[in-house]
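Worksheet: one structure, shown below.
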Amino acid sequence: MATTLTRRQLHDLYYFLRLNRRVDEQLTNFYRQGKVVGGVYSGTGQEAISVGTAYALEPEDFVGPMIRNVGTLLVRGYKPRDLFLQYMARKDGPTGGRDANTHFGDVGRGVIAPISMLGEGVNVMAGIALAARLRKEKRVAVTYVGDGAMSTGPCHEGMNFAAVQKLPLLIIAENNGWAYSTPTEKQMAVRDLAVRGKAYGIPAVIVDGNDILKVYQATRAAAARARQGRGPQMIECKTMRMKGHAEHDAANYVPKKTLEEWKKKDPILRFEKYLTSKRLMTAKEKAQIEARLDEEIRADAEFAEASPFPPPEGAARSVWA
């Protein structure tokens with residue numbers, strides 16, 4: 001787990017990991033209290049992928065997250081209140097109450113809104129990578145796909161296009177074991193998603209998706225290769241979706257033994273243990289981070305709950321015909 005990150009950067013990673021988990025936990029509470037409009041899609045157990053990849057990028061790079069990549073949004077400058085407001089469809093949310101999921105983005109932050117049709121993000125981000133190359137900009141476009149999304153036609157079309165055009169595209173393949181309730185072995189005959197990237201001529205590496213430093217290092221290296229004009233890159237992150245597809249899904253189809261095994265690999269506990277064993281974070285420093293998190297979540301939750309719902313007469317505004 002050797003790294004060149006400074007002590008402050010390591011603490012940043014820990015803070016974002018914990019912030020990602022705390023945001024998901026608060027959203028779960030809001031959902032159970034009946035305050036969420038729609039469903040909640042948790043990234044519990046996958047935080048190291050979202051945070052590690054986003055933290056490894058340069059400010060000018062673009063990211064196209066999926067619904068579970070809350071950590072990516074947080075690293076890119078969004079606040080917990082943005083997620084709370086969005087899921088509760090409030091007036092002050094990123095979409096003004098017009099959407100109740102993470103379908104929002106900001107070009108200024110380099111964030112492209114998620115697309116519900118999973119797999120399509122590869123094509124969109126390939127287009128952004130192509131635009132960057134045409135403009136002679138040293139940008140890298142990053143997108144995330146799950147094992148289920150990698151079984152869609154658009155995903156394969158996008159990978160092939162990016163490979164042929166040698167675009168600066170970085171594909172983060174989150175192999176979390178399940179496409180809703182379908183286990184990976186029942187939807188594909190290959191064990192590793194990386195094989196699919198290599199089939200199109202895309203260099204692919206496999207990392208432990210619950211080890212944030214390995215995710216960070218792999219992303220830095222892959223982004224550097226893409227930036228140098230060496231074409232698209234793929235990183236397969238092995239992880240586990242520790243909750244159902246959404247909060248309404250109890251995930252009874254997942255063997256309890258499997259969940260118990262993965263609980264021992266919790267990315268946050270693993271990183272905390274690493275920082276403590278290497279004397280890179282003291283008990284006092286950890287307590288300070290926790291206090292900061294407590295205050296931030298409390299203040300943003302209160303702000304979101306106090307935000308009104310949007311007026312009905314404004315529903316058609318900011319909507320293109």
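Chain lettering (A, B, ...) mirrors the order of the structure tokens, residue numbering begins at 1 for each chain separately, and ligand numbering begins at 1 in order of display.
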*Can you pull out every residue within 9 Å of range 65-79 of chain A, counting only C-alpha atoms, but drop anything in the same chain fewer than 2 positions away, and send it as a ChimeraX atom specification?*
/A:16-17,19-21,23-24,41-44,46-55,59,63,81-83,101-103,105,109-116,118,121,142-146,296,300
Let's have the selection written as an mmCIF file, in the first residue's frame, with C-alpha atoms.
```cif
data_model
loop_
_atom_site.group_PDB
_atom_site.id
_atom_site.type_symbol
_atom_site.label_atom_id
_atom_site.label_comp_id
_atom_site.auth_asym_id
_atom_site.auth_seq_id
_atom_site.Cartn_x
_atom_site.Cartn_y
_atom_site.Cartn_z
ATOM 1 C CA PHE A 16 -14.249 11.692 1.671
ATOM 2 C CA LEU A 17 -14.663 7.966 2.342
ATOM 3 C CA LEU A 19 -18.441 11.555 4.049
ATOM 4 C CA ASN A 20 -19.614 9.223 1.279
ATOM 5 C CA ARG A 21 -20.775 6.653 3.853
ATOM 6 C CA VAL A 23 -24.323 10.782 3.120
ATOM 7 C CA ASP A 24 -25.621 7.334 2.146
ATOM 8 C CA TYR A 41 -29.327 3.830 -4.475
ATOM 9 C CA SER A 42 -26.524 3.200 -2.020
ATOM 10 C CA GLY A 43 -22.815 2.908 -2.738
ATOM 11 C CA THR A 44 -22.076 1.279 0.624
ATOM 12 C CA GLN A 46 -17.914 0.725 -2.976
ATOM 13 C CA GLU A 47 -16.754 4.093 -1.625
ATOM 14 C CA ALA A 48 -13.073 3.453 -2.327
ATOM 15 C CA ILE A 49 -13.770 3.288 -6.070
ATOM 16 C CA SER A 50 -15.702 6.566 -6.298
ATOM 17 C CA VAL A 51 -13.362 8.512 -4.020
ATOM 18 C CA GLY A 52 -10.098 6.937 -5.155
ATOM 19 C CA THR A 53 -10.707 7.496 -8.855
ATOM 20 C CA ALA A 54 -12.027 11.047 -8.533
ATOM 21 C CA TYR A 55 -9.205 12.113 -6.199
ATOM 22 C CA PRO A 59 -9.211 19.514 -12.230
ATOM 23 C CA VAL A 63 -16.187 12.463 -15.042
ATOM 24 C CA ARG A 81 -26.984 19.123 0.960
ATOM 25 C CA ASP A 82 -26.963 18.849 -2.840
ATOM 26 C CA LEU A 83 -27.653 15.119 -2.556
ATOM 27 C CA ASN A 101 -31.965 11.119 -8.249
ATOM 28 C CA THR A 102 -28.358 11.956 -9.036
ATOM 29 C CA HIS A 103 -29.185 12.965 -12.608
ATOM 30 C CA GLY A 105 -24.039 17.613 -13.445
ATOM 31 C CA ARG A 109 -16.959 21.033 -12.108
ATOM 32 C CA GLY A 110 -16.278 18.636 -14.952
ATOM 33 C CA VAL A 111 -19.253 16.459 -14.004
ATOM 34 C CA ILE A 112 -21.560 15.002 -16.666
ATOM 35 C CA ALA A 113 -24.965 13.915 -15.361
ATOM 36 C CA PRO A 114 -25.573 10.160 -15.074
ATOM 37 C CA ILE A 115 -27.712 8.460 -17.696
ATOM 38 C CA SER A 116 -30.430 6.043 -16.619
ATOM 39 C CA LEU A 118 -26.630 2.169 -18.152
ATOM 40 C CA GLY A 121 -22.258 6.813 -20.484
ATOM 41 C CA VAL A 142 -13.702 9.082 -17.091
ATOM 42 C CA THR A 143 -16.820 6.982 -16.846
ATOM 43 C CA TYR A 144 -18.043 4.125 -14.685
ATOM 44 C CA VAL A 145 -19.804 0.931 -15.734
ATOM 45 C CA GLY A 146 -21.063 -1.993 -13.684
ATOM 46 C CA GLU A 296 -21.577 19.012 8.108
ATOM 47 C CA ASP A 300 -26.890 20.133 5.513
#
```
Interface rows for range 179-288 of chain A against range 130-137 of chain A: nearest pair, Å to one decimal, 12 Å, only C-alpha atoms, as a Markdown table:
```
| residue | atom | partner | partner_atom | distance |
| --- | --- | --- | --- | --- |
| A:Ala226 | CA | A:Arg133 | CA | 10.8 |
| A:Arg227 | CA | A:Glu137 | CA | 9.2 |
| A:Gln228 | CA | A:Arg133 | CA | 11.0 |
| A:Gly229 | CA | A:Arg133 | CA | 8.9 |
| A:Arg230 | CA | A:Arg133 | CA | 11.9 |
| A:Gly231 | CA | A:Arg133 | CA | 10.7 |
| A:Pro232 | CA | A:Leu130 | CA | 11.0 |
```
Saved selection, atoms kept: C-alpha atoms, as a PDB file, in the first residue's frame:
```pdb
ATOM      1  CA  ALA A 226      -4.460   8.260 -21.673  1.00  0.00           C
ATOM      2  CA  ARG A 227      -3.203  11.836 -21.373  1.00  0.00           C
ATOM      3  CA  GLN A 228      -0.044  10.866 -23.239  1.00  0.00           C
ATOM      4  CA  GLY A 229      -2.104   9.808 -26.255  1.00  0.00           C
ATOM      5  CA  ARG A 230      -1.923   6.074 -25.627  1.00  0.00           C
ATOM      6  CA  GLY A 231      -5.642   5.561 -26.091  1.00  0.00           C
ATOM      7  CA  PRO A 232      -8.408   4.392 -23.748  1.00  0.00           C
TER       8      PRO A 232
END
```
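Going from CA of Tyr87 in chain A over to CA of Gly38 in chain A, you cover 7.5 Å.
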_Top pick for closest residue to Tyr274 in chain A, considering A:Met240, A:Leu10, A:Val190, A:Ile171 and counting only C-alpha atoms_ = A:Leu10
*Please provide as a PyMOL selection string all residues within 12 Å of range 195-204 of chain A, with the sequence filter that same-chain residues fewer than 2 positions apart are discarded (counting only C-alpha atoms).*
chain A and resi 145+147+150-151+155-173+188-193+206-207+218-219+221-223+225-226+230-237
*asked:* According to DSSP computed on the backbone, where in range 19-256 of chain A is there strand (DSSP E)? Give the residues as a PyMOL selection string.
replied: chain A and resi 62-64+141-146+169-175+178-179+182-183+204-208+233-238
_Need to verify the contact set: Gln9 in chain A, 12 Å, only C-alpha atoms, exclusion of same-chain residues closer than 6 positions in sequence. Can you return it as a count of residues only?_
11
